[in-house]
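*Asks:* Below: one structure in structure tokens.
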Amino acid sequence: MMIARVLILFFISCTLFGRVQVQAQCLTGYKGDIQLSDEAVISLITVDPGNQIHAFWGHTALRIADPANGIDLMYNYGAFRFDAYFVPKFVYGKLDYILCVSHMRGEINKYRDREKRALIEQVLLLNQEEKQEVFEFVETNALPENRTYRYDFLFDNCSTRIRDILEDVLGERLTYHTEDPGRTWRQILQPYVTHFPFLSLGIDLGLGLPVDKEPAAHDLMGLPIYMMEAYDEALVNVNGEEQPLVTAKDTLLWVEPNHETGGGSPLVLYGLVWGLFAVGLWVTNSKASYSSRLRIWFDRLVFGIAGIAGLLAIFLWFISLHHVTDINFNVLWAWPTHFIIIWMLSRKKNAVKGYMRVCAVALVVVVLGWYFWPQELNVALLPIVLTMMVRSTWWGWNPASEGVVASSATA
């Protein structure tokens, strides 16, 4: 059930795609009016990617420190409430996240002791009025009635929220000097999960054509590392002179990267899919007495899994509120109707033959255009599609297939 496994992993990955951080308790901010002192500092905090699924893409937060007022807080737009309806709400695309406020010292301890991830701080060049405006905005935003927002794992997340706050405060004084990446979203996202090949495959199965577009540099700031790099190059106009927005950059916490491969080796994944293809060839050419039943159950497995994948792709495309799952070219081979035809293999000779002929022709087209489709299809799926092509060709044109149907129907 390899495809089922990667689809489950896909949903888990998307559930935690936006650098979400589960917080047991979130402060609601300070009550009353507080004027920041001249000592106040506002910083962008970037957390390195980690080895857990929720940490693969890193995290962004805002730090406001003012020793004179006894303030040193992290403002984090990546928190959520995990309840019984969390996964269904996410799959449907109707999931709310919250702004969580916590003490900076506690966050440093957490990343050092539990998550073992580095923290990078970029001190921002803001005048006193701008610091106060940012502070008042996030404090108001942290109130229980304001802190919830509708989450989108690429375009409205922990990074984009902070980017938008700073852009609103700085206005035209802020200019970026980053260039468009010249790569698609899919190509940008995949290196983060290369050490989890099954998860990478699951993501490619679920995400559609929108992630095969090249993002603008501004949109790319939805990924924390790219946002940090963009702010390294950003300039702010001060009295008619452009100055670096980041006045100081420091490593608050250094943890040596540990690139674990707990998600399995790519060799295991490719061994499984090409092994499936090899079994498909053996089943097709076998002349053993039990071959008839073996072929039917093998095809029920392969086409059944493809049918389930197709049903999920159709749901994500047409029913869910997600946009990055639209126009999924995987439905060219993963037809939802496969889930129906598998129960007709031993009963409906003409229906099966006609269906499989159409399927075989379609799969040949898919394979021939594999590297030319607008959507980049994961190469690990190719052996699965080839297996389906071989088996559908056998059902559609091999006279022996009629004997399989007849013998199975009378057994």
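Residues in the structure tokens are numbered from 1 in each chain, the chains being A, B, ... in the order shown, and ligands are numbered from 1 in the order shown.
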Determine, for each residue of region 330-409 of chain A having at least one atom at most 8 Å from an atom of region 198-208 of chain A, the closest pair of atoms and their separation in Å to one decimal, counting only C-alpha atoms; order by chain and ascending number, as a Markdown table.
*Replies:*
| residue | atom | partner | partner_atom | distance |
| --- | --- | --- | --- | --- |
| A:Asn330 | CA | A:Leu205 | CA | 6.7 |
| A:Gln375 | CA | A:Gly208 | CA | 7.0 |
| A:Leu377 | CA | A:Asp204 | CA | 7.0 |
| A:Asn378 | CA | A:Asp204 | CA | 6.2 |
| A:Ala380 | CA | A:Leu201 | CA | 7.3 |
*Asks:* Neighbouring residues of region 390-397 of chain A were defined as those with any atom within 6 Å, considering only C-alpha atoms; residues of the same chain fewer than 5 positions away were excluded. Please report them as a PyMOL selection string.
*Replies:* chain A and resi 353+356-357+360
*Asks:* Restricting the calculation to only C-alpha atoms, which member of A:Arg300, A:Lys213, A:Arg161, A:Lys116 is positioned closest to Trp185 (chain A)?
*Replies:* A:Lys213
*Asks:* If you count only C-alpha atoms, which residues fall within 9 Å of Arg295 (chain A), apart from same-chain ones fewer than 2 positions away, as number ranges by chain?
*Replies:* A: 280, 283-284, 290-293, 297-300, 391, 404
*Asks:* Write the residues of the preceding selection, restricted to N, CA and C atoms, as a PDB file, in the first residue's frame.
*Replies:*
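Wrote result_35.pdb, looks like this:
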ATOM      1  N   GLY A 280       4.749  -6.940 -11.938  1.00  0.00           N
ATOM      2  CA  GLY A 280       3.742  -6.816 -12.981  1.00  0.00           C
ATOM      3  C   GLY A 280       4.127  -7.546 -14.254  1.00  0.00           C
ATOM      4  N   VAL A 283       3.785 -11.322 -13.492  1.00  0.00           N
ATOM      5  CA  VAL A 283       2.380 -11.718 -13.470  1.00  0.00           C
ATOM      6  C   VAL A 283       1.832 -11.808 -14.892  1.00  0.00           C
ATOM      7  N   THR A 284       2.229 -10.872 -15.734  1.00  0.00           N
ATOM      8  CA  THR A 284       1.735 -10.849 -17.112  1.00  0.00           C
ATOM      9  C   THR A 284       2.188 -12.075 -17.897  1.00  0.00           C
ATOM     10  N   TYR A 290      -2.023 -20.980 -10.987  1.00  0.00           N
ATOM     11  CA  TYR A 290      -2.702 -19.986 -10.149  1.00  0.00           C
ATOM     12  C   TYR A 290      -2.631 -18.578 -10.738  1.00  0.00           C
ATOM     13  N   SER A 291      -2.118 -18.450 -11.976  1.00  0.00           N
ATOM     14  CA  SER A 291      -1.881 -17.126 -12.560  1.00  0.00           C
ATOM     15  C   SER A 291      -3.156 -16.316 -12.723  1.00  0.00           C
ATOM     16  N   SER A 292      -4.264 -16.977 -13.060  1.00  0.00           N
ATOM     17  CA  SER A 292      -5.515 -16.247 -13.305  1.00  0.00           C
ATOM     18  C   SER A 292      -5.944 -15.448 -12.087  1.00  0.00           C
ATOM     19  N   ARG A 293      -6.034 -16.100 -10.964  1.00  0.00           N
ATOM     20  CA  ARG A 293      -6.427 -15.394  -9.738  1.00  0.00           C
ATOM     21  C   ARG A 293      -5.361 -14.387  -9.309  1.00  0.00           C
ATOM     22  N   TRP A 297      -6.004 -10.290  -8.542  1.00  0.00           N
ATOM     23  CA  TRP A 297      -5.740  -9.644  -7.254  1.00  0.00           C
ATOM     24  C   TRP A 297      -4.594  -8.635  -7.352  1.00  0.00           C
ATOM     25  N   PHE A 298      -3.610  -8.913  -8.185  1.00  0.00           N
ATOM     26  CA  PHE A 298      -2.544  -7.930  -8.398  1.00  0.00           C
ATOM     27  C   PHE A 298      -3.113  -6.665  -9.026  1.00  0.00           C
ATOM     28  N   ASP A 299      -3.964  -6.827 -10.027  1.00  0.00           N
ATOM     29  CA  ASP A 299      -4.533  -5.663 -10.699  1.00  0.00           C
ATOM     30  C   ASP A 299      -5.512  -4.924  -9.796  1.00  0.00           C
ATOM     31  N   ARG A 300      -6.213  -5.654  -8.963  1.00  0.00           N
ATOM     32  CA  ARG A 300      -7.083  -4.980  -8.000  1.00  0.00           C
ATOM     33  C   ARG A 300      -6.267  -4.107  -7.047  1.00  0.00           C
ATOM     34  N   ARG A 391      -0.394  -3.917 -17.696  1.00  0.00           N
ATOM     35  CA  ARG A 391      -1.542  -4.727 -17.309  1.00  0.00           C
ATOM     36  C   ARG A 391      -2.799  -4.341 -18.082  1.00  0.00           C
ATOM     37  N   VAL A 404      -9.296 -15.576 -18.261  1.00  0.00           N
ATOM     38  CA  VAL A 404      -9.218 -15.184 -16.847  1.00  0.00           C
ATOM     39  C   VAL A 404     -10.598 -14.824 -16.338  1.00  0.00           C
TER      40      VAL A 404
END
*Asks:* When DSSP is applied to the backbone of this structure, which of region 211-408 of chain A are assigned strand (DSSP E)? Write them out as a list in words.
*Replies:*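 Result set for region 211-408 of chain A (strand (DSSP E)): Leu235, Val236, Asn237, Val238, Glu241, Glu242, Gln243, Pro244, Val246, Thr247, Ala248, Lys249, Asp250, Thr251, Leu252 and Leu253 of chain A.
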*Asks:* Given the selection you just returned, output its residues as a file containing C-alpha atoms, formatted as a PDB file, in the first residue's frame.
*Replies:*
ATOM      1  CA  LEU A 235      16.876  48.876   2.125  1.00  0.00           C
ATOM      2  CA  VAL A 236      14.956  51.545   3.979  1.00  0.00           C
ATOM      3  CA  ASN A 237      14.919  55.251   3.149  1.00  0.00           C
ATOM      4  CA  VAL A 238      16.164  57.401   6.033  1.00  0.00           C
ATOM      5  CA  GLU A 241      19.315  58.065   1.990  1.00  0.00           C
ATOM      6  CA  GLU A 242      18.873  54.326   1.552  1.00  0.00           C
ATOM      7  CA  GLN A 243      20.264  52.266   4.404  1.00  0.00           C
ATOM      8  CA  PRO A 244      20.188  48.509   5.128  1.00  0.00           C
ATOM      9  CA  VAL A 246      18.939  44.954   8.949  1.00  0.00           C
ATOM     10  CA  THR A 247      21.335  46.753  11.259  1.00  0.00           C
ATOM     11  CA  ALA A 248      22.717  43.629  12.903  1.00  0.00           C
ATOM     12  CA  LYS A 249      22.499  39.905  12.320  1.00  0.00           C
ATOM     13  CA  ASP A 250      23.362  37.416  15.011  1.00  0.00           C
ATOM     14  CA  THR A 251      22.922  33.760  15.855  1.00  0.00           C
ATOM     15  CA  LEU A 252      20.881  33.662  19.048  1.00  0.00           C
ATOM     16  CA  LEU A 253      21.171  29.907  19.255  1.00  0.00           C
TER      17      LEU A 253
END
